[in-house]
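Coordinates from query_31.csv are shown below (CSV, C-alpha atoms).
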```csv
chain,number,residue,atom,x,y,z
D,15,MET,CA,198.3,-154.8,-6.5
D,16,GLN,CA,199.7,-158.1,-7.6
D,17,LEU,CA,202.3,-159.9,-5.6
D,18,HIS,CA,203.8,-163.2,-6.6
D,19,TRP,CA,206.4,-164.4,-4.0
D,20,GLN,CA,208.5,-167.5,-4.4
D,21,LYS,CA,211.4,-168.5,-2.2
D,22,LEU,CA,213.3,-170.4,-4.9
D,23,ALA,CA,212.0,-168.7,-8.1
D,24,THR,CA,211.5,-165.2,-9.4
D,25,SER,CA,209.2,-163.0,-7.3
D,26,THR,CA,207.3,-160.1,-8.7
D,27,VAL,CA,205.2,-157.2,-7.5
D,28,GLN,CA,203.1,-154.7,-9.5
D,29,ALA,CA,201.1,-151.9,-7.9
D,30,THR,CA,199.2,-148.9,-9.1
D,31,LEU,CA,198.3,-145.8,-7.1
D,32,THR,CA,195.3,-143.9,-8.4
D,33,LYS,CA,194.2,-140.5,-7.2
D,34,ILE,CA,195.5,-140.8,-3.6
D,35,PRO,CA,194.3,-137.5,-2.1
D,36,LEU,CA,197.0,-135.3,-0.5
D,37,SER,CA,194.4,-134.5,2.1
D,38,LEU,CA,195.6,-137.7,3.8
D,39,LEU,CA,198.6,-135.6,4.9
D,40,GLN,CA,196.3,-133.4,7.1
D,41,ALA,CA,197.9,-134.6,10.3
D,42,TRP,CA,201.2,-133.1,9.3
D,43,LEU,CA,199.9,-129.7,8.1
D,44,PRO,CA,199.6,-126.6,10.2
D,45,PRO,CA,196.3,-126.5,12.2
D,46,HIS,CA,193.2,-125.6,10.2
D,47,SER,CA,194.9,-126.1,6.9
D,48,THR,CA,193.8,-128.0,3.8
D,49,LEU,CA,195.8,-129.5,0.9
D,50,THR,CA,194.4,-130.5,-2.5
D,51,GLY,CA,196.0,-132.5,-5.2
D,52,ASN,CA,196.5,-136.2,-5.8
D,53,LEU,CA,199.4,-138.7,-5.9
D,54,GLU,CA,199.4,-141.4,-8.7
D,55,GLY,CA,202.0,-143.9,-9.6
D,56,THR,CA,203.2,-147.3,-10.6
D,57,LEU,CA,205.6,-149.9,-9.1
D,58,ALA,CA,206.9,-152.9,-10.9
D,59,ALA,CA,209.7,-155.0,-9.4
D,60,ARG,CA,211.2,-158.4,-9.9
D,61,LEU,CA,213.5,-160.4,-7.6
D,62,PRO,CA,215.0,-163.5,-9.0
D,63,PRO,CA,216.7,-166.1,-6.7
D,64,ASP,CA,220.1,-164.5,-7.2
D,65,HIS,CA,218.7,-161.4,-5.5
D,66,THR,CA,219.5,-159.1,-8.4
D,67,LEU,CA,216.6,-156.6,-8.1
D,68,ALA,CA,215.0,-154.9,-11.1
D,69,SER,CA,212.5,-152.2,-10.3
D,70,ASP,CA,210.7,-149.3,-11.9
D,71,VAL,CA,208.8,-146.8,-9.8
D,72,THR,CA,207.0,-143.7,-11.0
D,73,LEU,CA,205.1,-141.2,-8.9
D,74,HIS,CA,203.2,-138.1,-10.1
D,75,LEU,CA,202.0,-135.3,-7.9
D,76,SER,CA,199.2,-133.3,-9.4
D,77,PRO,CA,198.9,-129.6,-9.0
D,78,GLY,CA,196.9,-128.4,-6.0
D,79,VAL,CA,196.4,-125.8,-3.3
D,80,LEU,CA,197.5,-125.4,0.3
D,81,THR,CA,195.0,-123.3,2.2
D,82,THR,CA,196.2,-122.2,5.6
D,83,PRO,CA,195.6,-119.5,8.2
D,84,VAL,CA,198.2,-116.8,8.4
D,85,HIS,CA,198.3,-113.7,10.6
D,86,ASP,CA,195.1,-112.4,12.4
D,87,GLY,CA,192.8,-115.1,11.1
D,88,GLU,CA,193.5,-114.3,7.5
D,89,VAL,CA,193.5,-117.4,5.2
D,90,GLU,CA,196.0,-117.6,2.3
D,91,GLN,CA,196.2,-120.0,-0.6
D,92,PHE,CA,199.5,-121.4,-1.9
D,93,VAL,CA,199.3,-123.1,-5.3
D,94,HIS,CA,201.7,-125.9,-5.8
D,95,HIS,CA,202.4,-127.1,-9.3
D,96,GLY,CA,202.9,-130.8,-8.8
D,97,GLY,CA,205.9,-132.9,-9.9
D,98,HIS,CA,207.2,-136.4,-10.3
D,99,LEU,CA,209.7,-138.9,-8.9
D,100,THR,CA,211.2,-141.9,-10.7
D,101,LEU,CA,213.3,-144.7,-9.4
D,102,GLN,CA,214.8,-147.4,-11.4
D,103,ILE,CA,217.0,-150.3,-10.4
D,104,GLN,CA,218.7,-152.2,-13.2
D,105,PRO,CA,221.8,-154.5,-13.2
D,106,THR,CA,223.9,-151.3,-13.6
D,107,GLY,CA,222.6,-149.7,-10.4
D,108,LEU,CA,219.9,-147.4,-9.0
D,109,THR,CA,218.9,-144.1,-10.5
D,110,ALA,CA,216.3,-141.8,-8.8
D,111,ASN,CA,215.1,-138.5,-10.3
D,112,VAL,CA,212.9,-135.9,-8.6
D,113,ALA,CA,211.3,-132.7,-10.0
D,114,LEU,CA,208.9,-130.8,-7.7
D,115,ASN,CA,207.4,-127.6,-8.9
D,116,LEU,CA,206.4,-126.1,-5.6
D,117,LEU,CA,205.1,-122.6,-5.1
D,118,LYS,CA,205.5,-119.8,-7.6
D,119,ASN,CA,209.0,-119.8,-9.0
D,120,SER,CA,210.1,-122.4,-6.4
D,121,SER,CA,211.3,-125.9,-7.3
D,122,ILE,CA,213.4,-128.9,-6.3
D,123,THR,CA,215.1,-131.0,-8.9
D,124,GLY,CA,217.7,-133.7,-8.4
D,125,LYS,CA,219.2,-137.0,-9.5
D,126,VAL,CA,220.9,-139.6,-7.3
D,127,THR,CA,222.7,-142.7,-8.6
D,128,LEU,CA,224.1,-145.7,-6.8
D,129,PRO,CA,226.1,-147.3,-9.7
D,130,GLN,CA,226.7,-150.7,-8.0
D,131,PHE,CA,223.3,-151.1,-6.3
D,132,ALA,CA,221.5,-154.0,-7.9
D,133,THR,CA,221.5,-156.8,-5.4
D,134,LEU,CA,219.0,-156.8,-2.6
D,135,ILE,CA,220.4,-158.3,0.6
D,136,LEU,CA,217.7,-159.9,2.5
D,137,PRO,CA,217.9,-161.3,6.0
D,138,LEU,CA,218.0,-164.8,4.5
D,139,PRO,CA,221.0,-167.1,4.4
D,140,LEU,CA,222.8,-166.3,1.1
D,141,PRO,CA,225.3,-168.4,-0.7
D,142,GLN,CA,228.9,-167.4,0.2
D,143,GLN,CA,229.6,-165.7,-3.2
D,144,GLU,CA,226.6,-163.4,-2.8
D,145,LYS,CA,227.6,-162.2,0.6
D,146,GLY,CA,230.5,-160.4,-1.0
D,147,LYS,CA,228.1,-158.2,-2.9
D,148,GLN,CA,227.2,-156.2,0.2
D,149,ASP,CA,229.6,-153.4,-0.4
D,150,PRO,CA,229.9,-150.8,2.4
D,151,GLU,CA,231.7,-148.6,-0.1
D,152,GLN,CA,228.7,-148.2,-2.4
D,153,PRO,CA,229.5,-145.2,-4.6
D,154,LEU,CA,227.1,-142.3,-4.4
D,155,GLN,CA,226.6,-139.7,-7.2
D,156,GLY,CA,224.1,-137.0,-7.5
D,157,GLN,CA,223.0,-133.5,-7.7
D,158,LEU,CA,220.3,-131.4,-6.0
D,159,HIS,CA,219.0,-128.0,-7.1
D,160,ALA,CA,216.5,-126.1,-5.1
D,161,THR,CA,215.1,-122.6,-5.6
D,162,PHE,CA,212.8,-120.9,-3.1
D,163,ASP,CA,211.9,-117.4,-4.4
D,164,ASP,CA,209.8,-116.1,-1.4
D,165,LEU,CA,210.9,-116.9,2.1
D,166,SER,CA,208.2,-114.7,3.6
D,167,ILE,CA,205.9,-117.7,3.7
D,168,LEU,CA,208.2,-119.7,6.0
D,169,PRO,CA,206.4,-118.6,9.2
D,170,THR,CA,203.3,-120.2,7.9
D,171,PHE,CA,205.0,-123.6,8.1
D,172,VAL,CA,207.5,-122.9,10.9
D,173,PRO,CA,205.9,-120.5,13.4
D,174,GLN,CA,209.2,-120.0,15.2
D,175,ALA,CA,210.7,-118.3,12.1
D,176,GLU,CA,209.6,-114.7,12.2
D,177,LYS,CA,209.9,-111.9,9.7
D,178,THR,CA,211.6,-114.0,7.0
D,179,GLN,CA,212.3,-112.6,3.6
D,180,GLY,CA,214.6,-113.2,0.7
D,181,LYS,CA,215.4,-116.0,-1.7
D,182,VAL,CA,217.3,-119.3,-1.4
D,183,LYS,CA,219.1,-121.1,-4.2
D,184,LEU,CA,220.8,-124.4,-3.5
D,185,ASP,CA,223.1,-126.3,-5.9
D,186,VAL,CA,224.6,-129.4,-4.3
D,187,MET,CA,226.7,-132.2,-5.8
D,188,LEU,CA,226.8,-135.6,-4.0
D,189,GLY,CA,229.8,-137.9,-4.2
D,190,GLY,CA,231.8,-140.3,-2.1
D,191,THR,CA,230.1,-143.4,-0.8
D,192,LEU,CA,227.0,-144.2,1.3
D,193,ALA,CA,229.2,-144.8,4.3
D,194,THR,CA,231.2,-141.5,3.8
D,195,PRO,CA,229.2,-139.2,1.6
D,196,GLN,CA,230.8,-136.0,0.2
D,197,ILE,CA,228.6,-133.0,-0.3
D,198,GLN,CA,229.8,-129.9,-2.2
D,199,GLY,CA,227.8,-126.9,-3.3
D,200,GLN,CA,226.5,-123.5,-2.5
```
Show this structure as structure tokens.
Amino acid sequence: MQLHWQKLATSTVQATLTKIPLSLLQAWLPPHSTLTGNLEGTLAARLPPDHTLASDVTLHLSPGVLTTPVHDGEVEQFVHHGGHLTLQIQPTGLTANVALNLLKNSSITGKVTLPQFATLILPLPLPQQEKGKQDPEQPLQGQLHATFDDLSILPTFVPQAEKTQGKVKLDVMLGGTLATPQIQGQ
């Protein structure tokens, strides 16, 4: 990781994640479960004195396996197929994309944009003209698609859910503003 911070000049940060094991999530898994796979990624950001942020973040999740106890001491393995997340902030705004290929025939994909988000408001005194850039009506645009083809595994992760079955497909469009988001879909 490299960090170059200057109060009155352009600050930069660059970081690389290499083979961060998903086993670090052990505390949030069901008891006696294991998770394999790795997280890798990069971060590059620059913040000039005018607070116009430019950033590029990429995260990759490698395929792996969740091994967890199920009924009566049986152990089951659930293969996940990895995915990625990208986030870019440019003068035109913020764009984030996600694609997670979860279990067999299950996935989450989506895109969110904040078209006017390019200025980072810090808790520092800012010149008067920059204070106006804090727009509480920041537009929000996006879409989210999720498919879960086998809900019978839900009790493995949520023990209170019993005898689940079926499929779920979710298609959602995001709009409005951050202050008053509008969600439509099925």
Show me, as a list of chain:residue names, the residues that have an atom within 12 Å of stretch 85-91 of chain D when counting all atoms listed in the file, minus same-chain residues fewer than 2 positions from it. D:Pro45, D:His46, D:Ser47, D:Thr48, D:Leu49, D:Thr50, D:Gly78, D:Val79, D:Leu80, D:Thr81, D:Thr82, D:Pro83, D:Val93, D:His94, D:Leu117, D:Lys118, D:Ile167, D:Pro169, D:Thr170, D:Pro173, D:Glu176, D:Lys177
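As for atom CA of D:Asn119 and atom CA of D:Phe171, they are spaced 18.0 Å apart.
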D:Ile122, D:Pro44, D:Thr100, D:Pro62: which is nearest D:Trp19, counting only C-alpha atoms? D:Pro62
Atom CA of D:Lys181 and atom CA of D:Val112 are how many Å apart? 21.2 Å
Exercise: residues within 6 Å of coordinate (204.1, -128.6, -7.4), counting all atoms listed in the file, as a list in words: Pro77, His94, His95, Gly96, Gly97, Leu114, Asn115 and Leu116 of chain D
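Minimum distance to D:Pro129 across D:Ala175, D:Asp70, D:Gly189, D:Phe162 (counting all atoms listed in the file) occurs at D:Gly189.
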Near D:Thr133, within 7 Å and counting all atoms listed in the file, which residues show up once chain neighbours fewer than 5 positions away are dropped, as a PyMOL selection string? chain D and resi 65-67
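Computed from the coordinates, the atom CA of D:Ser25 to atom CA of D:Leu61 distance equals 5.0 Å.
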